[in-house]
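Structure data follow from my_file.cif (mmCIF, C-alpha atoms):
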data_target
loop_
_atom_site.label_atom_id
_atom_site.label_comp_id
_atom_site.auth_asym_id
_atom_site.auth_seq_id
_atom_site.Cartn_x
_atom_site.Cartn_y
_atom_site.Cartn_z
CA MET A 287 0.00 0.00 0.00
CA ASN A 288 1.30 3.42 -0.93
CA CYS A 289 0.87 5.82 1.96
CA ILE A 290 1.63 9.36 3.10
CA ILE A 291 1.95 10.94 6.54
CA ILE A 292 0.42 14.29 7.47
CA ASP A 293 1.49 15.62 10.86
CA ASP A 294 2.62 19.10 11.86
CA GLU A 295 4.98 17.71 14.50
CA ALA A 296 8.41 16.45 13.31
CA THR A 297 8.57 13.98 16.21
CA GLY A 298 5.20 12.54 15.22
CA ARG A 299 6.25 12.16 11.58
CA ALA A 300 9.53 10.50 12.54
CA ILE A 301 7.81 7.91 14.76
CA ILE A 302 5.10 7.07 12.24
CA SER A 303 7.68 6.86 9.47
CA GLN A 304 9.67 4.39 11.57
CA LEU A 305 6.54 2.35 12.27
CA CYS A 306 5.81 2.28 8.52
CA SER A 307 9.31 1.05 7.77
CA ASN A 308 8.65 -1.99 9.95
CA VAL A 309 5.67 -3.04 7.84
CA ALA A 310 6.76 -4.72 4.61
CA SER A 311 3.49 -4.05 2.79
CA LEU A 312 3.70 -0.28 3.32
CA ASN A 313 5.44 2.05 0.91
CA LEU A 314 5.80 5.51 2.41
CA LEU A 315 5.74 8.01 -0.45
CA GLU A 316 5.85 11.38 1.29
CA GLU A 317 5.56 13.17 4.63
CA PHE A 318 3.80 16.53 5.02
CA SER A 319 3.87 18.97 7.88
CA ASN A 320 0.57 20.56 6.82
CA ALA A 321 -2.61 19.60 5.04
CA ILE A 322 -2.35 22.23 2.30
CA GLN A 323 0.88 20.68 0.97
CA ALA A 324 -0.78 17.28 1.07
CA ILE A 325 -3.84 18.51 -0.85
CA LYS A 326 -1.58 19.79 -3.61
CA TYR A 327 0.25 16.46 -3.69
CA LEU A 328 -2.98 14.47 -3.79
CA ASN A 329 -4.29 16.55 -6.67
CA GLN A 330 -1.56 14.93 -8.76
CA ASN A 331 -0.87 11.63 -7.04
CA GLN A 332 -2.89 8.69 -5.79
CA VAL A 333 -2.30 6.95 -2.50
CA ASP A 334 -3.94 3.98 -0.80
CA LEU A 335 -3.60 5.15 2.78
CA ILE A 336 -3.14 8.41 4.68
CA LEU A 337 -1.81 8.51 8.23
CA LEU A 338 -3.39 11.73 9.33
CA ASP A 339 -2.94 13.85 12.43
CA ILE A 340 -6.20 15.48 13.54
CA HIS A 341 -4.92 18.44 15.50
CA MET A 342 -3.09 20.77 13.15
CA PRO A 343 -3.17 24.56 12.84
CA ASP A 344 -5.35 26.13 10.08
CA PHE A 345 -6.56 22.82 8.62
CA THR A 346 -7.55 20.06 11.02
CA GLY A 347 -7.48 16.47 9.88
CA PHE A 348 -11.27 16.55 9.50
CA ASP A 349 -11.12 19.73 7.40
CA PHE A 350 -8.61 17.97 5.21
CA ILE A 351 -10.83 14.91 4.70
CA GLU A 352 -13.73 17.16 3.67
CA THR A 353 -11.67 18.50 0.76
CA LEU A 354 -10.95 15.07 -0.74
CA LYS A 355 -13.04 14.02 -3.73
CA ASN A 356 -12.33 10.30 -3.37
CA PRO A 357 -10.68 9.85 0.00
CA PRO A 358 -8.40 6.83 0.33
CA LYS A 359 -8.30 4.81 3.52
CA ILE A 360 -7.34 7.00 6.45
CA ILE A 361 -5.88 6.15 9.84
CA LEU A 362 -6.19 9.05 12.27
CA THR A 363 -3.40 9.78 14.72
CA THR A 364 -3.95 12.05 17.70
CA SER A 365 -2.81 12.82 21.22
CA ASP A 366 -6.29 12.50 22.68
CA SER A 367 -9.36 10.37 22.24
CA ASN A 368 -11.91 13.18 22.21
CA PHE A 369 -12.41 13.02 18.47
CA ALA A 370 -13.25 9.33 18.28
CA ILE A 371 -16.99 9.91 17.90
CA GLN A 372 -16.49 12.44 15.12
CA ALA A 373 -14.26 9.94 13.34
CA PHE A 374 -17.23 7.60 12.98
CA GLU A 375 -18.86 10.10 10.62
CA TYR A 376 -16.39 9.23 7.89
CA ASP A 377 -16.48 5.93 6.04
CA CYS A 378 -12.90 6.40 4.87
CA ILE A 379 -11.55 6.39 8.44
CA ILE A 380 -10.60 2.85 9.27
CA ASP A 381 -8.82 3.32 12.57
CA TYR A 382 -7.97 5.83 15.24
CA LEU A 383 -4.58 5.71 16.91
CA VAL A 384 -3.86 7.61 20.12
CA LYS A 385 -0.28 8.84 20.48
CA PRO A 386 2.19 7.62 21.55
CA ILE A 387 1.43 4.83 19.10
CA ALA A 388 2.54 1.38 20.20
CA PRO A 389 4.14 -0.65 17.37
CA GLU A 390 1.71 -3.56 17.88
CA ARG A 391 -1.28 -1.24 17.74
CA PHE A 392 0.06 0.35 14.56
CA GLN A 393 0.42 -3.05 12.89
CA LYS A 394 -3.13 -3.93 13.87
CA ALA A 395 -4.38 -0.74 12.21
CA ILE A 396 -2.46 -1.56 9.03
CA LEU A 397 -4.01 -5.02 8.97
CA LYS A 398 -7.42 -3.33 9.12
CA ALA A 399 -6.41 -1.09 6.24
CA GLU A 400 -5.42 -4.10 4.18
CA SER A 401 -8.66 -5.97 4.78
CA PRO A 402 -11.77 -5.48 2.61
CA PRO A 403 -14.13 -2.64 3.58
CA SER A 404 -16.54 -3.43 6.40
CA LYS A 405 -20.17 -2.40 6.81
CA LYS A 406 -20.98 1.29 6.91
CA LYS A 407 -20.45 2.83 10.32
CA PRO A 408 -23.31 4.66 12.04
CA SER A 409 -23.28 8.43 11.66
CA VAL A 410 -23.35 10.69 14.69
CA GLU A 411 -25.33 13.91 14.80
CA THR A 412 -24.74 16.76 17.19
CA SER A 413 -26.98 19.69 17.98
CA THR A 414 -26.96 22.56 20.45
CA GLU A 415 -29.05 25.52 21.42
CA LYS A 416 -29.89 28.80 19.67
CA VAL A 417 -28.98 32.27 20.74
CA GLU A 418 -28.89 34.79 17.91
CA ILE A 419 -31.41 37.47 17.06
CA THR A 420 -31.28 39.44 13.83
CA SER A 421 -32.46 42.96 13.18
CA GLY A 422 -31.93 44.31 9.66
CA ASN A 423 -28.22 44.40 8.95
CA ASP A 424 -27.34 43.52 12.52
CA LEU A 425 -26.96 40.29 14.38
CA TYR A 426 -27.20 40.21 18.15
CA VAL A 427 -25.24 37.52 19.95
CA ASN A 428 -25.67 36.53 23.55
CA ILE A 429 -22.32 36.59 25.32
CA ASN A 430 -22.27 36.42 29.13
CA ARG A 431 -25.93 37.51 29.25
CA ARG A 432 -25.24 40.60 27.13
CA LEU A 433 -26.70 41.00 23.65
CA ILE A 434 -23.86 42.29 21.54
CA LYS A 435 -24.57 43.85 18.16
CA ILE A 436 -22.55 42.68 15.17
CA ASP A 437 -22.75 44.32 11.77
CA ILE A 438 -23.58 41.38 9.47
CA PRO A 439 -21.58 42.53 6.39
CA SER A 440 -18.49 42.87 8.61
CA ILE A 441 -18.55 39.14 9.41
CA LEU A 442 -15.70 37.40 7.61
CA LEU A 443 -16.52 33.84 8.54
CA VAL A 444 -18.17 31.61 11.09
CA GLU A 445 -16.53 28.42 12.29
CA ALA A 446 -18.16 25.60 14.25
CA LYS A 447 -16.16 24.66 17.34
CA GLY A 448 -17.89 21.87 19.21
CA ASP A 449 -20.82 23.37 21.13
CA TYR A 450 -19.75 26.87 20.07
CA ILE A 451 -19.38 28.96 16.97
CA HIS A 452 -16.46 31.26 16.40
CA LEU A 453 -17.45 34.49 14.61
CA LYS A 454 -14.69 36.48 12.94
CA THR A 455 -15.41 40.05 11.91
CA GLU A 456 -13.23 42.77 10.40
CA ASP A 457 -12.10 43.96 13.81
CA LYS A 458 -13.15 41.49 16.50
CA ASN A 459 -13.77 37.80 17.13
CA TYR A 460 -16.62 36.31 19.17
CA THR A 461 -17.23 32.84 20.60
CA VAL A 462 -20.92 32.10 21.01
CA HIS A 463 -22.74 29.07 22.35
CA SER A 464 -24.69 28.12 19.26
CA THR A 465 -24.59 26.04 16.09
CA LEU A 466 -23.65 26.68 12.51
CA LYS A 467 -27.09 25.54 11.40
CA LYS A 468 -28.76 28.17 13.56
CA ILE A 469 -26.62 31.08 12.47
CA GLU A 470 -26.83 30.02 8.83
CA LYS A 471 -30.56 30.76 8.95
CA LYS A 472 -29.86 34.26 10.30
CA LEU A 473 -27.35 35.27 7.67
CA PRO A 474 -28.42 36.51 4.21
CA ASP A 475 -27.98 33.90 1.45
CA SER A 476 -26.88 36.63 -0.92
CA LEU A 477 -23.73 37.26 1.14
CA PHE A 478 -22.94 34.05 2.98
CA LEU A 479 -22.33 30.48 1.93
CA LYS A 480 -21.63 27.33 3.87
CA VAL A 481 -18.54 25.93 2.16
CA HIS A 482 -17.74 23.20 4.63
CA ARG A 483 -19.50 21.41 7.46
CA SER A 484 -17.59 23.64 9.89
CA PHE A 485 -17.45 26.92 7.98
CA ILE A 486 -19.74 29.64 6.65
CA ILE A 487 -17.97 32.40 4.75
CA ASN A 488 -18.79 35.90 3.57
CA ILE A 489 -18.38 35.60 -0.20
CA ASP A 490 -17.52 39.30 -0.52
CA LYS A 491 -14.47 38.78 1.69
CA ILE A 492 -12.83 36.08 -0.43
CA ILE A 493 -9.34 37.08 -1.49
CA ASP A 494 -8.34 34.00 -3.39
CA ILE A 495 -9.50 30.48 -4.19
CA GLU A 496 -6.99 27.73 -4.58
CA ASP A 497 -7.77 24.07 -5.17
CA ASN A 498 -10.15 23.10 -2.39
CA SER A 499 -9.70 26.11 -0.15
CA VAL A 500 -10.55 29.81 0.00
CA PHE A 501 -8.49 32.56 1.53
CA ILE A 502 -10.24 35.16 3.69
CA LYS A 503 -7.83 37.64 5.24
CA LYS A 504 -5.18 35.40 6.80
CA ASP A 505 -7.46 32.39 7.14
CA VAL A 506 -7.43 29.38 4.84
CA ILE A 507 -10.87 27.81 4.77
CA PRO A 508 -11.48 24.31 3.42
CA VAL A 509 -14.18 23.85 0.78
CA SER A 510 -16.00 20.53 0.73
CA ARG A 511 -16.37 18.95 -2.66
CA SER A 512 -20.17 19.00 -2.26
CA ASN A 513 -20.14 22.79 -1.71
CA ARG A 514 -17.51 23.73 -4.28
CA LYS A 515 -19.95 23.73 -7.20
CA GLU A 516 -22.27 26.20 -5.44
CA LEU A 517 -19.34 28.41 -4.49
CA ILE A 518 -18.13 28.57 -8.09
CA ARG A 519 -21.69 29.26 -9.26
CA ARG A 520 -21.93 32.24 -6.89
CA LEU A 521 -18.72 33.85 -8.08
CA ASN A 522 -18.61 36.49 -10.76
CA LEU A 523 -16.35 34.46 -13.03
CA LEU A 524 -14.82 35.93 -16.15
CA MET B 282 7.65 13.39 41.03
CA GLU B 283 7.82 10.96 38.11
CA GLN B 284 10.91 11.08 35.91
CA PRO B 285 11.17 11.05 32.12
CA ASN B 286 12.46 7.89 30.50
CA LEU B 287 13.31 6.48 27.07
CA SER B 288 11.20 3.35 27.37
CA TYR B 289 8.80 4.22 24.54
CA ILE B 290 11.59 5.46 22.28
CA GLU B 291 13.54 2.23 22.83
CA THR B 292 10.48 0.08 22.17
CA THR B 293 9.73 1.94 18.95
CA SER B 294 13.36 1.87 17.85
CA GLY B 295 13.92 -1.83 18.51
CA ASP B 296 17.42 -2.65 17.30
CA ASP B 297 17.56 0.46 15.15
CA LYS B 298 20.00 2.56 17.17
CA ALA B 299 20.32 5.10 14.38
CA PHE B 300 16.59 5.82 14.59
CA LYS B 301 16.75 6.06 18.39
CA TYR B 302 19.41 8.79 18.22
CA LYS B 303 17.70 10.50 15.31
CA LEU B 304 14.43 10.66 17.25
CA ILE B 305 16.17 12.01 20.35
CA GLU B 306 17.80 14.70 18.22
CA ILE B 307 14.44 15.63 16.69
CA ILE B 308 12.89 15.94 20.15
CA LYS B 309 15.86 17.95 21.42
CA SER B 310 15.51 20.28 18.46
CA GLU B 311 11.70 20.57 18.41
CA PHE B 312 10.98 20.78 22.14
CA PRO B 313 12.75 24.14 22.85
CA SER B 314 10.94 25.87 19.98
CA GLU B 315 7.57 24.52 21.13
CA LYS B 316 8.37 25.60 24.66
CA GLN B 317 9.20 29.06 23.37
CA VAL B 318 5.88 29.21 21.49
CA TYR B 319 4.15 28.19 24.71
CA PHE B 320 5.75 30.93 26.81
CA THR B 321 5.18 33.57 24.14
CA ASN B 322 1.48 32.74 23.98
CA ILE B 323 0.86 32.35 27.69
CA GLU B 324 2.58 35.68 28.35
CA SER B 325 0.38 37.30 25.70
CA VAL B 326 -2.71 35.65 27.24
CA ASN B 327 -3.55 33.93 23.95
CA PHE B 328 -5.61 31.10 25.41
CA LYS B 329 -6.46 29.35 22.15
CA GLU B 330 -2.89 29.39 20.84
CA THR B 331 -1.56 28.33 24.23
CA ALA B 332 -4.00 25.41 24.34
CA GLU B 333 -2.85 24.38 20.86
CA ILE B 334 0.81 24.29 21.78
CA VAL B 335 0.04 22.47 25.04
CA HIS B 336 -1.78 19.92 22.92
CA LYS B 337 1.30 19.52 20.77
CA LEU B 338 3.61 19.25 23.77
CA LYS B 339 1.44 16.49 25.20
CA HIS B 340 2.86 14.09 22.64
CA LYS B 341 6.41 14.64 23.85
CA ILE B 342 5.29 14.32 27.46
CA SER B 343 3.80 10.92 26.68
CA ILE B 344 6.77 9.80 24.56
CA LEU B 345 9.00 10.44 27.55
CA GLY B 346 6.84 8.17 29.70
CA LEU B 347 5.37 10.92 31.89
CA VAL B 348 1.95 9.39 32.51
CA LYS B 349 0.79 11.63 35.38
CA SER B 350 2.24 14.71 33.71
CA PHE B 351 0.26 13.87 30.60
CA GLU B 352 -2.96 13.94 32.64
CA ILE B 353 -1.95 17.31 34.09
CA ALA B 354 -1.36 18.61 30.57
CA VAL B 355 -4.76 17.32 29.42
CA LYS B 356 -6.50 19.19 32.26
CA TYR B 357 -4.46 22.31 31.63
CA GLU B 358 -5.31 22.25 27.92
CA ASN B 359 -9.01 21.93 28.77
CA ASN B 360 -8.73 24.83 31.23
CA LEU B 361 -7.03 27.00 28.61
CA ASN B 362 -9.82 26.23 26.18
CA ASN B 363 -12.12 27.72 28.82
CA ASN B 364 -9.90 30.80 29.21
CA ASN B 365 -8.60 29.54 32.55
CA THR B 366 -4.91 29.14 33.44
CA GLU B 367 -5.38 26.76 36.36
CA GLY B 368 -2.58 24.18 36.23
CA LYS B 369 -0.07 26.62 34.72
CA GLU B 370 2.62 26.17 37.39
CA GLU B 371 2.34 22.40 37.35
CA PHE B 372 2.56 22.30 33.58
CA GLU B 373 5.54 24.62 33.49
CA SER B 374 7.36 22.45 36.02
CA ILE B 375 6.84 19.53 33.61
CA LEU B 376 8.43 21.59 30.85
CA GLN B 377 11.40 22.24 33.12
CA LEU B 378 11.65 18.56 34.02
CA ILE B 379 11.81 17.65 30.33
CA THR B 380 14.30 20.45 29.63
CA ASP B 381 16.60 19.09 32.35
CA PHE B 382 16.20 15.53 31.11
CA LEU B 383 16.96 16.41 27.47
CA GLU B 384 20.16 18.12 28.59
CA THR B 385 21.39 14.81 29.96
CA LEU B 386 20.95 13.00 26.63
#

Just give me the structure as C-alpha cells.
Amino acid sequence: MNCIIIDDEATGRAIISQLCSNVASLNLLEEFSNAIQAIKYLNQNQVDLILLDIHMPDFTGFDFIETLKNPPKIILTTSDSNFAIQAFEYDCIIDYLVKPIAPERFQKAILKAESPPSKKKPSVETSTEKVEITSGNDLYVNINRRLIKIDIPSILLVEAKGDYIHLKTEDKNYTVHSTLKKIEKKLPDSLFLKVHRSFIINIDKIIDIEDNSVFIKKDVIPVSRSNRKELIRRLNLL
Amino acid sequence: MEQPNLSYIETTSGDDKAFKYKLIEIIKSEFPSEKQVYFTNIESVNFKETAEIVHKLKHKISILGLVKSFEIAVKYENNLNNNNTEGKEEFESILQLITDFLETL
C-alpha cells in the first residue's frame, strides 16, 4: 500500500515513518507537515492510505478529509481520544490511533487497512441551542448575558467549534454558544455560503481560491467537494 | 515526582539505534521551539494558541513516559480552552523537568 503521513509535528512524523518502515506491505511516499501541501500532492498523485494527524493549525485532519473528492483509507493519529466519535462520521476512516502509538497497535491498524471494507459505520449527529437574534443588517449575539450587536456585512466567517461557533469580523472575534445551522438561517444567502460542514464564509471577503480552499484575510478555509460547485456558481467568473 | 524515560523510544526503535538517536535529536531540536511558542502565547494571554501548543507538547510528554504529567497537561489544555490558566505552574514544572532531562541526553 502506498501511503503518506500528514502531521505538523516532526517527532510525530519520525515515529510514524519508523513504524511504517517496519511493515513490509507499506510504501511511504511522502511526509507533510501541513494539510495544504498534502492537498496539492494528492491533486496529482494517488495513495492507498493516509496517516493523518487530527490536531493541526489552520486545517484540522477533518477539514482535510472534507476536501478530498475520493478519499483513500485514512488512519487518524492524535494525542487524545476526544475526536473518536467524530471519526465515525467518515467511512474512509478505518482506525484511530492515540499517540504515543505502540508498534503492535500500529500493525493492527495496518491489517485493518489491508482488509476489505466493512459495513458502513453509524453516523453521529450533534446539535446545540440557539442564541442569535437578527435585526436588519445587525446580528445580536448573547455573550455572558449581554446582547452584543454585530454588523452582518463585517462578518468574515463563522466556524463551528464543538458546542460553540467562532465568529470572525473585520475587527473582532466572538465565541458564542450556538450552532452553525442556527446562524446560517440568520445570515443573508446573498452574502454568505456554507462551504464546509464547519465553515460559513462571507463571499464578498474572499481574497483568493486555490484548489479546495478559499483565503479570507489570513485564514485558509477548506471547501467541501459537495459545496464547491455552489461556491463557483456564486462567483462572478470571467 | 515521576521522571522522564526512554522506554517508549527504545520500544519503537527496537534494534535500530540510528533511529533512536535520530528521534532524540528531533525531540531535542523541536521541544525548545515549542516551549518558546508556549511561553510567548501564555505571556500574551492567547488562550487558544496556548491550548494548541500544550496539545502539541502532550505528545512529547507521553513519549517520555510521563503518565501523570500527561494527565496534568490534558487538564491544563481543557482549562485553557475555557480561558482559565489553572494548572499553569504544574505544567511549566513539567516543561522544566523535560528540559533538564533532554540536557542529559

Contacts of stretch 288-292 of chain B within 7 Å, only C-alpha atoms, excl. fewer than 5 positions in-chain, as a ChimeraX atom specification
/B:301,344-346

Do you know which residues are at most 12 Å from A:Tyr327 counting only C-alpha atoms, after dropping those on the same chain fewer than 3 positions away, and could you put them as a list in words?
Ile290, Ile291, Ile292, Leu315, Glu316, Glu317, Phe318, Asn320, Ala321, Ile322, Gln323, Ala324, Gln330, Asn331, Gln332, Val333, Leu354 and Asp497 of chain A

If you apply the PyMOL selection byres ((chain A and resi 481) around 9) to this file, what residues do you get, as a ChimeraX atom specification?
/A:479-480,482-487,507-514,516-517

Mind listing as a PyMOL selection string which residues of chain B are within 12 Å of chain A, counting only C-alpha atoms?
chain B and resi 288-312+314-315+329-330+332-348+351-352+354-356+358-359+362-364

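Atom to atom, atom CA of A:Ile336 and atom CA of A:Glu496 stand 21.8 Å apart.
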
Shortest interatomic distance to A:Ile502 - which of A:Lys355, A:Arg299, A:Arg432, A:Lys454, counting only C-alpha atoms
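Comparing A:Lys355, A:Arg299, A:Arg432, A:Lys454 against A:Ile502, the winner is A:Lys454.
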
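Reported to one decimal place, the separation of atom CA of B:Thr385 from atom CA of B:Leu287 is 12.0 Å.
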
Suppose you want the space between atom CA of A:Ile351 and atom CA of A:Ile379; what is it in Å?
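Between atom CA of A:Ile351 and atom CA of A:Ile379 the gap works out to 9.3 Å.
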
Export: stretch 298-309 of chain B, all heavy atoms, as a PDB file, in the first residue's frame:
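Wrote it out as result_10.pdb, contents follow:
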ATOM      1  N   LYS B 298      19.385   1.527  16.319  1.00  0.00           N
ATOM      2  CA  LYS B 298      19.997   2.558  17.171  1.00  0.00           C
ATOM      3  C   LYS B 298      20.043   3.911  16.457  1.00  0.00           C
ATOM      4  O   LYS B 298      19.914   4.962  17.093  1.00  0.00           O
ATOM      5  CB  LYS B 298      21.420   2.143  17.568  1.00  0.00           C
ATOM      6  CG  LYS B 298      21.472   0.869  18.374  1.00  0.00           C
ATOM      7  CD  LYS B 298      20.928   1.087  19.776  1.00  0.00           C
ATOM      8  CE  LYS B 298      20.870  -0.231  20.530  1.00  0.00           C
ATOM      9  NZ  LYS B 298      19.879  -0.252  21.599  1.00  0.00           N
ATOM     10  N   ALA B 299      20.241   3.849  15.151  1.00  0.00           N
ATOM     11  CA  ALA B 299      20.316   5.098  14.382  1.00  0.00           C
ATOM     12  C   ALA B 299      19.006   5.873  14.519  1.00  0.00           C
ATOM     13  O   ALA B 299      19.012   7.102  14.713  1.00  0.00           O
ATOM     14  CB  ALA B 299      20.591   4.792  12.914  1.00  0.00           C
ATOM     15  N   PHE B 300      17.891   5.139  14.449  1.00  0.00           N
ATOM     16  CA  PHE B 300      16.595   5.817  14.589  1.00  0.00           C
ATOM     17  C   PHE B 300      16.429   6.378  16.005  1.00  0.00           C
ATOM     18  O   PHE B 300      15.940   7.494  16.189  1.00  0.00           O
ATOM     19  CB  PHE B 300      15.434   4.865  14.271  1.00  0.00           C
ATOM     20  CG  PHE B 300      14.102   5.484  14.591  1.00  0.00           C
ATOM     21  CD1 PHE B 300      13.588   6.516  13.813  1.00  0.00           C
ATOM     22  CD2 PHE B 300      13.383   5.099  15.719  1.00  0.00           C
ATOM     23  CE1 PHE B 300      12.384   7.132  14.136  1.00  0.00           C
ATOM     24  CE2 PHE B 300      12.184   5.710  16.053  1.00  0.00           C
ATOM     25  CZ  PHE B 300      11.681   6.725  15.251  1.00  0.00           C
ATOM     26  N   LYS B 301      16.866   5.604  16.986  1.00  0.00           N
ATOM     27  CA  LYS B 301      16.751   6.061  18.385  1.00  0.00           C
ATOM     28  C   LYS B 301      17.444   7.425  18.549  1.00  0.00           C
ATOM     29  O   LYS B 301      16.858   8.371  19.086  1.00  0.00           O
ATOM     30  CB  LYS B 301      17.385   5.030  19.322  1.00  0.00           C
ATOM     31  CG  LYS B 301      17.386   5.442  20.774  1.00  0.00           C
ATOM     32  CD  LYS B 301      18.101   4.423  21.647  1.00  0.00           C
ATOM     33  CE  LYS B 301      18.354   5.000  23.026  1.00  0.00           C
ATOM     34  NZ  LYS B 301      19.093   4.066  23.886  1.00  0.00           N
ATOM     35  N   TYR B 302      18.676   7.534  18.040  1.00  0.00           N
ATOM     36  CA  TYR B 302      19.415   8.787  18.219  1.00  0.00           C
ATOM     37  C   TYR B 302      18.825   9.908  17.356  1.00  0.00           C
ATOM     38  O   TYR B 302      18.799  11.060  17.762  1.00  0.00           O
ATOM     39  CB  TYR B 302      20.906   8.556  17.948  1.00  0.00           C
ATOM     40  CG  TYR B 302      21.493   7.611  18.972  1.00  0.00           C
ATOM     41  CD1 TYR B 302      22.059   6.399  18.596  1.00  0.00           C
ATOM     42  CD2 TYR B 302      21.413   7.907  20.335  1.00  0.00           C
ATOM     43  CE1 TYR B 302      22.553   5.512  19.549  1.00  0.00           C
ATOM     44  CE2 TYR B 302      21.900   7.028  21.290  1.00  0.00           C
ATOM     45  CZ  TYR B 302      22.464   5.833  20.899  1.00  0.00           C
ATOM     46  OH  TYR B 302      22.937   4.956  21.849  1.00  0.00           O
ATOM     47  N   LYS B 303      18.328   9.505  16.185  1.00  0.00           N
ATOM     48  CA  LYS B 303      17.699  10.499  15.306  1.00  0.00           C
ATOM     49  C   LYS B 303      16.451  11.087  15.994  1.00  0.00           C
ATOM     50  O   LYS B 303      16.241  12.310  16.006  1.00  0.00           O
ATOM     51  CB  LYS B 303      17.297   9.824  13.981  1.00  0.00           C
ATOM     52  CG  LYS B 303      16.610  10.748  12.986  1.00  0.00           C
ATOM     53  CD  LYS B 303      16.139   9.953  11.773  1.00  0.00           C
ATOM     54  CE  LYS B 303      15.070  10.718  11.020  1.00  0.00           C
ATOM     55  NZ  LYS B 303      14.414   9.914   9.995  1.00  0.00           N
ATOM     56  N   LEU B 304      15.661  10.200  16.587  1.00  0.00           N
ATOM     57  CA  LEU B 304      14.434  10.659  17.250  1.00  0.00           C
ATOM     58  C   LEU B 304      14.758  11.562  18.444  1.00  0.00           C
ATOM     59  O   LEU B 304      14.117  12.600  18.648  1.00  0.00           O
ATOM     60  CB  LEU B 304      13.597   9.461  17.697  1.00  0.00           C
ATOM     61  CG  LEU B 304      12.230   9.770  18.302  1.00  0.00           C
ATOM     62  CD1 LEU B 304      11.368  10.591  17.353  1.00  0.00           C
ATOM     63  CD2 LEU B 304      11.497   8.488  18.679  1.00  0.00           C
ATOM     64  N   ILE B 305      15.772  11.182  19.204  1.00  0.00           N
ATOM     65  CA  ILE B 305      16.168  12.008  20.348  1.00  0.00           C
ATOM     66  C   ILE B 305      16.621  13.392  19.859  1.00  0.00           C
ATOM     67  O   ILE B 305      16.252  14.427  20.443  1.00  0.00           O
ATOM     68  CB  ILE B 305      17.287  11.310  21.163  1.00  0.00           C
ATOM     69  CG1 ILE B 305      16.693  10.106  21.904  1.00  0.00           C
ATOM     70  CG2 ILE B 305      17.928  12.279  22.154  1.00  0.00           C
ATOM     71  CD1 ILE B 305      17.729   9.194  22.561  1.00  0.00           C
ATOM     72  N   GLU B 306      17.347  13.414  18.772  1.00  0.00           N
ATOM     73  CA  GLU B 306      17.802  14.697  18.220  1.00  0.00           C
ATOM     74  C   GLU B 306      16.618  15.546  17.761  1.00  0.00           C
ATOM     75  O   GLU B 306      16.598  16.762  17.955  1.00  0.00           O
ATOM     76  CB  GLU B 306      18.788  14.475  17.060  1.00  0.00           C
ATOM     77  CG  GLU B 306      20.170  14.051  17.504  1.00  0.00           C
ATOM     78  CD  GLU B 306      20.739  14.927  18.631  1.00  0.00           C
ATOM     79  OE1 GLU B 306      20.747  16.161  18.464  1.00  0.00           O
ATOM     80  OE2 GLU B 306      21.159  14.380  19.665  1.00  0.00           O
ATOM     81  N   ILE B 307      15.639  14.900  17.141  1.00  0.00           N
ATOM     82  CA  ILE B 307      14.439  15.634  16.685  1.00  0.00           C
ATOM     83  C   ILE B 307      13.723  16.240  17.896  1.00  0.00           C
ATOM     84  O   ILE B 307      13.338  17.413  17.891  1.00  0.00           O
ATOM     85  CB  ILE B 307      13.491  14.721  15.874  1.00  0.00           C
ATOM     86  CG1 ILE B 307      14.132  14.340  14.540  1.00  0.00           C
ATOM     87  CG2 ILE B 307      12.145  15.411  15.629  1.00  0.00           C
ATOM     88  CD1 ILE B 307      13.353  13.294  13.744  1.00  0.00           C
ATOM     89  N   ILE B 308      13.574  15.438  18.941  1.00  0.00           N
ATOM     90  CA  ILE B 308      12.891  15.941  20.152  1.00  0.00           C
ATOM     91  C   ILE B 308      13.697  17.089  20.768  1.00  0.00           C
ATOM     92  O   ILE B 308      13.133  18.121  21.156  1.00  0.00           O
ATOM     93  CB  ILE B 308      12.676  14.806  21.176  1.00  0.00           C
ATOM     94  CG1 ILE B 308      11.700  13.760  20.609  1.00  0.00           C
ATOM     95  CG2 ILE B 308      12.143  15.346  22.503  1.00  0.00           C
ATOM     96  CD1 ILE B 308      11.588  12.490  21.435  1.00  0.00           C
ATOM     97  N   LYS B 309      15.011  16.903  20.824  1.00  0.00           N
ATOM     98  CA  LYS B 309      15.860  17.955  21.417  1.00  0.00           C
ATOM     99  C   LYS B 309      15.805  19.243  20.599  1.00  0.00           C
ATOM    100  O   LYS B 309      15.959  20.349  21.124  1.00  0.00           O
ATOM    101  CB  LYS B 309      17.316  17.460  21.519  1.00  0.00           C
ATOM    102  CG  LYS B 309      17.512  16.468  22.653  1.00  0.00           C
ATOM    103  CD  LYS B 309      18.884  15.844  22.641  1.00  0.00           C
ATOM    104  CE  LYS B 309      19.917  16.751  23.262  1.00  0.00           C
ATOM    105  NZ  LYS B 309      21.202  16.045  23.463  1.00  0.00           N
TER     106      LYS B 309
END
